[in-house]
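Next comes start.cif, with mmCIF, C-alpha atoms.
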```cif
data_query
loop_
_atom_site.label_atom_id
_atom_site.label_comp_id
_atom_site.auth_asym_id
_atom_site.auth_seq_id
_atom_site.Cartn_x
_atom_site.Cartn_y
_atom_site.Cartn_z
CA MET A 204 -107.54 -43.50 40.87
CA LEU A 205 -103.85 -44.28 40.41
CA THR A 206 -103.25 -42.42 37.15
CA LEU A 207 -105.24 -40.11 34.93
CA THR A 208 -104.77 -42.38 31.93
CA SER A 209 -108.14 -43.42 30.55
CA PRO A 210 -108.92 -47.14 30.79
CA VAL A 211 -110.90 -46.72 27.55
CA GLU A 212 -108.45 -47.50 24.74
CA ILE A 213 -108.77 -45.07 21.83
CA TRP A 214 -106.79 -44.35 18.69
CA ALA A 215 -104.58 -41.77 20.42
CA HIS A 216 -103.26 -44.39 22.86
CA ARG A 217 -101.37 -45.95 19.97
CA LEU A 218 -99.50 -42.75 19.03
CA PRO A 219 -95.97 -42.36 20.45
CA ALA A 220 -95.85 -40.18 23.58
CA GLY A 221 -93.14 -37.94 22.16
CA LEU A 222 -95.33 -37.11 19.16
CA LYS A 223 -98.33 -36.29 21.36
CA LEU A 224 -96.21 -34.13 23.68
CA GLY A 225 -94.85 -32.32 20.66
CA PHE A 226 -98.33 -31.67 19.31
CA LEU A 227 -99.53 -30.58 22.75
CA ALA A 228 -96.70 -28.09 23.12
CA LEU A 229 -97.42 -26.76 19.62
CA ALA A 230 -101.17 -26.56 20.17
CA THR A 231 -100.79 -24.86 23.56
CA SER A 232 -98.36 -22.31 22.17
CA GLY A 233 -100.79 -21.75 19.30
CA LEU A 234 -103.67 -21.20 21.75
CA PHE A 235 -101.73 -18.48 23.49
CA MET A 236 -101.12 -16.69 20.22
CA LEU A 237 -104.87 -16.59 19.49
CA ASP A 238 -106.70 -13.73 21.19
CA ARG A 239 -109.93 -13.53 19.15
CA PRO A 240 -112.87 -15.20 20.93
CA LEU A 241 -114.07 -16.67 17.62
CA TRP A 242 -110.79 -18.46 16.88
CA LEU A 243 -110.54 -19.67 20.45
CA ALA A 244 -114.09 -20.98 20.22
CA ALA A 245 -113.05 -22.86 17.08
CA ALA A 246 -110.06 -24.29 18.95
CA ALA A 247 -112.34 -25.33 21.82
CA LEU A 248 -114.67 -27.02 19.32
CA ALA A 249 -111.73 -28.83 17.78
CA ALA A 250 -110.67 -30.07 21.22
CA ALA A 251 -114.25 -31.17 21.90
CA GLY A 252 -114.19 -32.98 18.55
CA LEU A 253 -111.04 -34.79 19.65
CA TYR A 254 -112.87 -36.06 22.75
CA ALA A 255 -116.01 -36.87 20.77
CA SER A 256 -113.97 -38.98 18.35
CA ALA A 257 -113.11 -41.22 21.28
CA GLY A 258 -116.69 -42.06 22.18
CA GLY A 259 -119.07 -41.26 25.03
CA ARG A 260 -117.36 -42.97 27.95
CA PHE A 261 -114.03 -41.34 27.18
CA ALA A 262 -115.61 -37.91 26.66
CA LEU A 263 -117.48 -38.21 29.98
CA ALA A 264 -114.25 -39.14 31.76
CA GLY A 265 -112.66 -36.10 30.10
CA LEU A 266 -115.44 -33.85 31.40
CA ARG A 267 -114.97 -35.30 34.88
CA LEU A 268 -111.28 -34.40 34.66
CA LEU A 269 -112.29 -30.81 33.89
CA ARG A 270 -114.57 -30.69 36.94
CA PRO A 271 -111.97 -29.18 39.34
CA LEU A 272 -111.77 -26.31 36.87
CA TRP A 273 -115.44 -25.35 37.14
CA PRO A 274 -115.25 -23.20 40.28
CA PHE A 275 -112.41 -21.26 38.69
CA LEU A 276 -114.26 -20.89 35.40
CA VAL A 277 -117.33 -19.60 37.23
CA VAL A 278 -115.38 -17.16 39.41
CA VAL A 279 -113.29 -15.81 36.54
CA GLY A 280 -116.39 -15.58 34.34
CA LEU A 281 -118.51 -13.75 36.92
CA TRP A 282 -115.66 -11.41 37.74
CA HIS A 283 -115.22 -10.37 34.12
CA LEU A 284 -118.96 -10.02 33.61
CA TRP A 285 -119.07 -7.74 36.63
CA THR A 286 -116.19 -5.56 35.46
CA GLY A 287 -117.75 -5.47 31.98
CA ALA A 288 -114.70 -7.01 30.28
CA TRP A 289 -116.74 -9.97 29.09
CA GLN A 290 -114.73 -10.38 25.90
CA ALA A 291 -111.43 -10.60 27.78
CA GLY A 292 -113.12 -12.97 30.22
CA GLY A 293 -114.37 -15.16 27.37
CA VAL A 294 -110.90 -15.31 25.87
CA ILE A 295 -109.37 -16.33 29.21
CA LEU A 296 -112.03 -18.96 29.90
CA LEU A 297 -111.96 -20.52 26.43
CA ARG A 298 -108.18 -20.56 26.41
CA MET A 299 -107.91 -22.08 29.87
CA ALA A 300 -110.54 -24.74 29.22
CA THR A 301 -109.14 -25.69 25.82
CA ALA A 302 -105.53 -25.81 27.02
CA VAL A 303 -106.46 -27.93 30.03
CA ALA A 304 -108.63 -30.18 27.87
CA LEU A 305 -105.81 -30.75 25.37
CA ALA A 306 -103.31 -31.42 28.14
CA ASN A 307 -105.79 -33.81 29.76
CA PHE A 308 -106.28 -35.54 26.42
CA VAL A 309 -102.56 -36.31 26.15
CA THR A 310 -102.47 -37.42 29.78
CA MET A 311 -105.56 -39.60 29.29
CA THR A 312 -104.19 -41.28 26.20
CA THR A 313 -100.61 -41.75 27.35
CA ARG A 314 -99.70 -44.39 29.86
CA LEU A 315 -97.64 -43.01 32.72
CA SER A 316 -94.85 -45.42 31.78
CA ASP A 317 -94.77 -43.99 28.23
CA MET A 318 -94.66 -40.43 29.54
CA ILE A 319 -91.88 -41.32 31.94
CA ALA A 320 -89.92 -43.06 29.17
CA THR A 321 -90.19 -39.96 26.96
CA VAL A 322 -89.06 -37.62 29.71
CA GLN A 323 -86.17 -39.95 30.50
CA ARG A 324 -85.14 -39.89 26.87
CA LEU A 325 -85.33 -36.10 26.65
CA ALA A 326 -83.52 -35.58 29.97
CA ARG A 327 -80.72 -38.05 29.31
CA PRO A 328 -78.13 -35.27 28.75
CA LEU A 329 -78.84 -34.00 32.29
CA ALA A 330 -77.29 -37.16 33.76
CA VAL A 331 -73.92 -35.48 33.14
CA VAL A 332 -74.70 -32.95 35.89
CA GLY A 333 -75.92 -35.67 38.25
CA LEU A 334 -79.68 -35.52 37.66
CA SER A 335 -80.84 -39.07 37.04
CA PRO A 336 -83.59 -39.14 34.37
CA ARG A 337 -85.50 -41.71 36.41
CA ARG A 338 -85.78 -39.44 39.43
CA LEU A 339 -86.79 -36.49 37.26
CA ALA A 340 -89.55 -38.52 35.64
CA LEU A 341 -90.76 -39.72 39.04
CA ALA A 342 -90.81 -36.16 40.40
CA MET A 343 -92.82 -34.98 37.38
CA ALA A 344 -95.37 -37.74 37.79
CA LEU A 345 -95.70 -36.85 41.48
CA VAL A 346 -96.38 -33.18 40.69
CA ILE A 347 -98.99 -34.02 38.04
CA ARG A 348 -100.71 -36.44 40.40
CA PHE A 349 -100.69 -34.13 43.42
CA ILE A 350 -102.02 -30.96 41.76
CA PRO A 351 -105.65 -32.19 41.63
CA VAL A 352 -105.28 -33.67 45.12
CA MET A 353 -104.08 -30.33 46.50
CA LEU A 354 -106.77 -28.37 44.65
CA GLU A 355 -109.41 -30.58 46.20
CA ARG A 356 -107.82 -30.22 49.64
CA MET A 357 -107.78 -26.41 49.23
CA GLU A 358 -111.51 -26.59 48.45
CA GLN A 359 -112.15 -28.74 51.53
CA ILE A 360 -110.22 -26.31 53.74
CA THR A 361 -112.24 -23.41 52.33
CA GLN A 362 -115.51 -25.29 52.87
CA SER A 363 -114.70 -26.15 56.47
CA TRP A 364 -113.71 -22.55 57.13
CA ARG A 365 -117.04 -21.40 55.67
CA ALA A 366 -118.84 -23.83 57.96
CA ARG A 367 -117.31 -22.10 60.97
CA SER A 368 -117.25 -18.46 59.92
CA PRO A 369 -119.38 -16.09 57.86
CA ARG A 370 -116.23 -14.44 56.49
CA SER A 371 -114.14 -15.62 53.55
CA PRO A 372 -110.97 -17.49 54.55
CA ARG A 373 -108.73 -15.78 51.95
CA TRP A 374 -105.10 -16.11 53.06
CA ARG A 375 -106.06 -18.29 56.02
CA VAL A 376 -106.12 -21.39 53.77
CA LEU A 377 -102.37 -20.99 53.19
CA VAL A 378 -101.06 -22.49 56.42
CA PRO A 379 -103.23 -25.64 56.40
CA ALA A 380 -102.62 -26.09 52.65
CA THR A 381 -98.83 -25.81 53.01
CA LEU A 382 -98.92 -28.02 56.08
CA ALA A 383 -100.85 -30.65 54.12
CA ALA A 384 -98.26 -30.44 51.33
CA LEU A 385 -95.46 -31.10 53.82
CA ASP A 386 -97.32 -34.05 55.34
CA ASP A 387 -98.13 -35.42 51.88
CA ALA A 388 -94.43 -35.18 50.99
CA ASP A 389 -93.46 -37.20 54.07
CA ARG A 390 -96.10 -39.86 53.37
CA ALA A 391 -95.17 -40.07 49.68
CA ALA A 392 -91.52 -40.48 50.68
CA GLU A 393 -92.42 -43.37 53.01
CA ALA A 394 -94.54 -44.97 50.29
CA LEU A 395 -91.68 -44.65 47.80
CA ARG A 396 -89.18 -46.18 50.21
CA ALA A 397 -91.55 -49.06 50.90
CA ARG A 398 -91.72 -49.72 47.16
CA GLY A 399 -87.96 -49.85 46.62
CA GLY A 400 -86.92 -46.20 46.76
CA ALA A 401 -86.51 -43.44 44.20
CA GLY A 402 -83.36 -44.97 42.70
CA MET B 841 -83.26 -39.19 49.33
CA GLU B 842 -86.95 -39.95 48.79
CA ARG B 843 -87.84 -37.18 51.21
CA ASN B 844 -85.89 -34.62 49.15
CA LEU B 845 -87.59 -35.81 45.99
CA THR B 846 -91.12 -35.73 47.35
CA HIS B 847 -90.65 -32.35 49.04
CA ILE B 848 -89.39 -30.87 45.76
CA ALA B 849 -92.31 -32.43 43.86
CA LEU B 850 -94.98 -31.39 46.37
CA PHE B 851 -93.77 -27.81 46.46
CA ALA B 852 -93.70 -27.68 42.68
CA ALA B 853 -97.36 -28.75 42.88
CA LEU B 854 -97.99 -26.10 45.54
CA ILE B 855 -96.68 -23.35 43.20
CA ALA B 856 -99.10 -24.60 40.56
CA VAL B 857 -102.07 -24.76 42.94
CA LEU B 858 -101.41 -21.27 44.31
CA GLY B 859 -101.36 -19.97 40.74
CA LEU B 860 -104.81 -21.46 40.14
CA VAL B 861 -106.32 -19.50 43.03
CA PRO B 862 -108.44 -16.85 41.27
CA LYS B 863 -106.96 -13.42 40.73
CA ILE B 864 -107.97 -10.73 43.19
CA ASP B 865 -107.77 -7.16 41.94
CA LEU B 866 -106.64 -4.68 44.56
CA ALA B 867 -108.38 -1.32 44.82
CA ALA B 868 -105.99 0.19 42.27
CA GLY B 869 -106.88 -2.55 39.80
CA VAL B 870 -103.60 -4.37 40.37
CA PRO B 871 -103.99 -8.09 39.74
CA ILE B 872 -102.30 -10.34 42.27
CA THR B 873 -102.04 -14.10 42.32
CA ALA B 874 -100.51 -16.29 44.97
CA GLN B 875 -98.09 -17.94 42.53
CA SER B 876 -95.08 -15.83 43.54
CA LEU B 877 -95.97 -16.65 47.14
CA GLY B 878 -95.35 -20.27 46.18
CA ILE B 879 -91.91 -19.31 44.85
CA MET B 880 -91.11 -17.54 48.13
CA LEU B 881 -92.32 -20.52 50.20
CA CYS B 882 -90.10 -22.87 48.18
CA GLY B 883 -87.10 -20.84 49.34
CA THR B 884 -88.17 -20.25 52.93
CA VAL B 885 -89.33 -23.82 53.61
CA LEU B 886 -87.13 -26.01 51.39
CA GLY B 887 -83.93 -23.94 51.36
CA ALA B 888 -81.81 -22.78 48.43
CA ARG B 889 -81.02 -25.92 46.43
CA ARG B 890 -84.26 -27.83 46.91
CA GLY B 891 -86.32 -24.67 46.53
CA ALA B 892 -84.72 -23.82 43.19
CA LEU B 893 -85.12 -27.43 42.00
CA ALA B 894 -88.83 -27.36 42.91
CA VAL B 895 -89.28 -24.22 40.82
CA LEU B 896 -87.33 -25.72 37.90
CA LEU B 897 -89.50 -28.84 38.07
CA PHE B 898 -92.60 -26.63 37.98
CA LEU B 899 -91.24 -24.74 34.96
CA ALA B 900 -90.38 -27.98 33.16
CA LEU B 901 -94.01 -29.08 33.45
CA VAL B 902 -95.19 -25.68 32.24
CA ALA B 903 -92.88 -25.94 29.23
CA ALA B 904 -94.19 -29.41 28.50
CA GLY B 905 -97.59 -27.82 27.89
CA LEU B 906 -99.41 -27.94 31.21
CA PRO B 907 -101.33 -24.70 31.90
CA LEU B 908 -99.98 -24.20 35.42
CA LEU B 909 -98.94 -20.56 35.43
CA SER B 910 -101.35 -18.07 37.03
CA GLY B 911 -104.27 -17.27 34.76
CA GLY B 912 -104.10 -20.73 33.19
CA ARG B 913 -101.09 -19.93 31.05
CA GLY B 914 -98.62 -22.55 29.93
CA GLY B 915 -96.89 -24.20 27.01
CA LEU B 916 -93.78 -23.12 25.21
CA GLY B 917 -95.46 -19.84 24.24
CA VAL B 918 -94.97 -18.24 27.66
CA PHE B 919 -91.21 -18.53 27.25
CA ALA B 920 -91.48 -16.26 24.21
CA GLY B 921 -93.70 -13.62 25.88
CA PRO B 922 -92.87 -10.36 27.65
CA SER B 923 -92.97 -11.98 31.09
CA VAL B 924 -90.24 -14.51 30.28
CA GLY B 925 -87.87 -12.59 32.59
CA TYR B 926 -90.06 -13.45 35.57
CA LEU B 927 -90.00 -17.13 34.59
CA VAL B 928 -86.21 -17.13 34.32
CA GLY B 929 -86.06 -15.24 37.60
CA PHE B 930 -88.33 -17.67 39.50
CA PRO B 931 -85.69 -20.35 40.28
CA VAL B 932 -83.05 -17.70 41.04
CA ALA B 933 -85.49 -15.93 43.38
CA ALA B 934 -86.23 -19.19 45.21
CA PHE B 935 -82.50 -19.95 45.46
CA VAL B 936 -81.61 -16.52 46.89
CA THR B 937 -84.57 -16.63 49.30
CA GLY B 938 -83.50 -20.07 50.50
CA TRP B 939 -79.83 -19.12 50.70
CA LEU B 940 -80.63 -16.11 52.90
CA MET B 941 -82.98 -18.25 55.01
CA GLU B 942 -80.24 -20.82 55.60
CA ARG B 943 -77.68 -18.23 56.65
CA THR B 944 -79.47 -15.56 58.65
CA THR B 945 -79.72 -15.81 62.43
CA LEU B 946 -82.96 -13.83 62.63
CA SER B 947 -86.06 -15.49 64.11
CA THR B 948 -87.84 -17.76 61.60
CA GLY B 949 -90.79 -15.53 60.72
CA LEU B 950 -88.72 -12.36 60.38
CA ALA B 951 -86.02 -14.18 58.40
CA ALA B 952 -88.59 -15.66 56.01
CA GLY B 953 -90.25 -12.30 55.46
CA ALA B 954 -86.95 -10.48 54.87
CA ALA B 955 -85.57 -13.25 52.63
CA SER B 956 -88.80 -13.16 50.60
CA VAL B 957 -88.51 -9.41 50.13
CA ILE B 958 -84.90 -9.65 48.95
CA GLY B 959 -85.17 -12.87 46.91
CA GLY B 960 -88.82 -13.01 45.89
CA ILE B 961 -89.14 -9.29 45.13
CA GLY B 962 -85.68 -7.72 44.65
CA VAL B 963 -84.05 -10.50 42.63
CA LEU B 964 -87.24 -11.43 40.76
CA TYR B 965 -87.88 -7.83 39.71
CA VAL B 966 -84.37 -7.44 38.30
CA PHE B 967 -84.99 -10.44 36.03
CA GLY B 968 -88.62 -9.58 35.27
CA ILE B 969 -88.05 -5.93 34.48
CA GLY B 970 -84.91 -6.75 32.48
CA GLY B 971 -86.92 -9.31 30.52
CA MET B 972 -89.77 -6.88 29.84
CA ALA B 973 -87.34 -4.18 28.70
CA LEU B 974 -85.74 -6.70 26.35
CA MET B 975 -88.93 -8.20 24.96
CA LEU B 976 -90.95 -4.98 24.64
CA GLY B 977 -88.11 -2.82 23.40
CA VAL B 978 -88.52 -0.21 26.14
CA THR B 979 -86.02 1.32 28.56
CA PRO B 980 -85.50 -0.43 31.91
CA THR B 981 -87.02 2.64 33.59
CA GLU B 982 -90.22 2.33 31.55
CA ALA B 983 -90.28 -1.39 32.18
CA ALA B 984 -89.75 -0.77 35.89
CA PHE B 985 -92.80 1.51 35.86
CA LEU B 986 -94.86 -1.40 34.48
CA GLY B 987 -93.33 -3.87 36.92
CA MET B 988 -93.99 -1.69 39.96
CA ALA B 989 -97.73 -2.31 39.54
CA PHE B 990 -97.15 -5.65 41.26
CA LEU B 991 -95.15 -4.25 44.18
CA PRO B 992 -98.01 -3.74 46.70
CA GLY B 993 -99.30 -7.27 46.16
CA ASP B 994 -95.82 -8.76 46.35
CA ILE B 995 -95.08 -7.00 49.65
CA VAL B 996 -98.30 -8.50 51.05
CA LYS B 997 -97.15 -11.90 49.80
CA ALA B 998 -93.69 -11.54 51.38
CA VAL B 999 -95.37 -10.78 54.72
CA LEU B 1000 -97.66 -13.79 54.24
CA ALA B 1001 -94.64 -15.98 53.39
CA GLY B 1002 -93.08 -14.91 56.69
CA MET B 1003 -96.25 -15.68 58.64
CA VAL B 1004 -96.84 -19.03 56.95
CA THR B 1005 -93.22 -20.10 57.46
CA GLN B 1006 -93.39 -19.16 61.14
CA SER B 1007 -96.60 -21.15 61.62
CA LEU B 1008 -95.00 -24.15 59.89
CA ALA B 1009 -91.93 -23.84 62.12
CA ARG B 1010 -94.24 -24.08 65.14
CA MET B 1011 -96.35 -26.98 63.86
CA ARG B 1012 -93.78 -29.09 61.97
CA PRO B 1013 -90.31 -27.96 63.06
CA ALA B 1014 -88.69 -31.01 61.44
CA SER B 1015 -90.25 -30.21 58.08
CA LEU B 1016 -88.63 -26.80 57.76
CA LEU B 1017 -85.73 -28.09 55.69
CA SER B 1018 -84.22 -24.61 55.24
CA ARG B 1019 -83.55 -24.52 59.00
CA ALA B 1020 -82.69 -28.20 59.41
#
```
Would it be possible to restate this file's structure as structure tokens?
Amino acid sequence: MLTLTSPVEIWAHRLPAGLKLGFLALATSGLFMLDRPLWLAAAALAAAGLYASAGGRFALAGLRLLRPLWPFLVVVGLWHLWTGAWQAGGVILLRMATAVALANFVTMTTRLSDMIATVQRLARPLAVVGLSPRRLALAMALVIRFIPVMLERMEQITQSWRARSPRSPRWRVLVPATLAALDDADRAAEALRARGGAG
Amino acid sequence: MERNLTHIALFAALIAVLGLVPKIDLAAGVPITAQSLGIMLCGTVLGARRGALAVLLFLALVAAGLPLLSGGRGGLGVFAGPSVGYLVGFPVAAFVTGWLMERTTLSTGLAAGAASVIGGIGVLYVFGIGGMALMLGVTPTEAAFLGMAFLPGDIVKAVLAGMVTQSLARMRPASLLSRA
């Protein structure tokens, strides 16, 4: 998997990236102003409708993108059930899932090159202070790509700790996770240099 | 050049990932997340300039609408909320932590812990509490009372930042750019 962009072409692929980013920012801000479970459920349904409008294969791919979120949804959900604050828990879960789903939708329907072009356009004024828009866009793409990779690695570290010890690893995942981030950074730098550098 | 860029990007991702680790409530019901630990590590591992840039990159992605802040928050809305002071303080905290790390002659672990306390707690709290006072219309003292709820967790995180940085210094001495 090189990018998160969906290979299934849907109507949203044809919209300009700037427009979609604008809508995403608006929708996300809107989500965080809603705090009634009912309204958030409506927002979640609307997001689901967005995926459904793109057909089964796209919606399935969207669900797969949400998969890394499941452990967190379960843990947060159980925790709030246990403390009795199920309504607050529901709000948090719905909000998180909907916001991630909407963000994923934009990512899935926007080619990386389009996203990079938009960021470059928006960041053009920063060139005055020496920050090349190209490098900024590249750094952003790297972060977006490496977050799921690092989440999965964190899970693997936790699993292998659990295989060796009956106790929970808690803070002990931090050193291997940070170490892996440093090694990933070195490897990504080599890969970039081999492909002509960051410019 | 590429190494700077990828280190900044990977640590921005690390801040995000640490924020996604589920909240643990301490005995007193104080929620802590590891996100501010990520801010501290940016300073202690990457140094002042790169650390602050990593945090800014993280914030740029949050502003663009990605739900990367702890608790799954994100979007432009968070920059209009009561905790906006903490967000503004994040890059400054990483910069001060890194600046101290680059200049002190203490041993790595101790330096990282102390720099995290000063930068990641002291500096961050000034911004965060100031922001809360401003946004909630309360006195700085009242806001400080609210902000102090996070102090026990943040002290734990500063200690962890020191320990993690020391371990990294042992395992990958060349990767500790703040001490390069």
Expected selection from the PyMOL selection byres ((chain B and resi 941-943) around 8), given as a PDB file with C-alpha atoms, in the frame of the given file:
```
ATOM      1  CA  GLY B 883     -87.100 -20.840  49.340  1.00  0.00           C
ATOM      2  CA  THR B 884     -88.170 -20.250  52.930  1.00  0.00           C
ATOM      3  CA  GLY B 887     -83.930 -23.940  51.360  1.00  0.00           C
ATOM      4  CA  ALA B 888     -81.810 -22.780  48.430  1.00  0.00           C
ATOM      5  CA  THR B 937     -84.570 -16.630  49.300  1.00  0.00           C
ATOM      6  CA  GLY B 938     -83.500 -20.070  50.500  1.00  0.00           C
ATOM      7  CA  TRP B 939     -79.830 -19.120  50.700  1.00  0.00           C
ATOM      8  CA  LEU B 940     -80.630 -16.110  52.900  1.00  0.00           C
ATOM      9  CA  THR B 944     -79.470 -15.560  58.650  1.00  0.00           C
ATOM     10  CA  THR B 945     -79.720 -15.810  62.430  1.00  0.00           C
ATOM     11  CA  ALA B 951     -86.020 -14.180  58.400  1.00  0.00           C
ATOM     12  CA  ALA B 952     -88.590 -15.660  56.010  1.00  0.00           C
ATOM     13  CA  ALA B 955     -85.570 -13.250  52.630  1.00  0.00           C
ATOM     14  CA  SER B1018     -84.220 -24.610  55.240  1.00  0.00           C
ATOM     15  CA  ARG B1019     -83.550 -24.520  59.000  1.00  0.00           C
TER      16      ARG B1019
END
```
Discussion item. Using all atoms listed in the file, which protein or nucleic acid residues come within 6 Å of range 962-974 of chain B? Drop anything in the same chain fewer than 4 positions from it, and give the result as a list in words.
Written reply: Pro922, Gly925, Tyr926, Gly929, Ala933, Ile958, Val978, Thr979, Pro980, Ala983 and Ala984 of chain B
Discussion item. Can you pull out the residues contacting Leu268 in chain A? Cut-off 10 Å, using only C-alpha atoms, and skip same-chain residues under 5 positions away; I want them as an NGL selection string.
Written reply: :A and (207 or 262-263 or 303-304 or 307-308 or 311 or 351)
Practice prompt. Tell me which residues the PyMOL selection byres ((chain A) within 8 of (chain B)) grabs here, as a ChimeraX atom specification.
Written response: /A:224,227-229,231-233,235-236,275,278-279,295,298-299,302-303,306,338,342-343,345-347,349-350,353-354,374,377-378,381-382,384-385,387-389,391-393,395-396,400-401
Fill in: Residue with smallest distance to Val322 in chain A - pool A:Arg217, A:Leu248, A:Leu339, A:Pro240, counting only C-alpha atoms
A:Leu339
Worksheet item: Expressed in Å to a single decimal, how great is the separation between CA of Ala934 in chain B and CA of Ile879 in chain B?
Response: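 It comes out at 5.7 Å.
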Discussion item. Using the chain letters and numbers from this file, what does the PyMOL selection byres ((chain B and resi 998) around 8) select? Give the answer as a PyMOL selection string.
Written reply: chain B and resi 877+880+953-954+956-957+960+994-997+999-1002
Worksheet entry | Proximity to His216 in chain A - best of A:Leu237, A:Val309, A:Ala255, A:Val294, only C-alpha atoms |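 Distance minimum relative to His216 in chain A lands on A:Val309.
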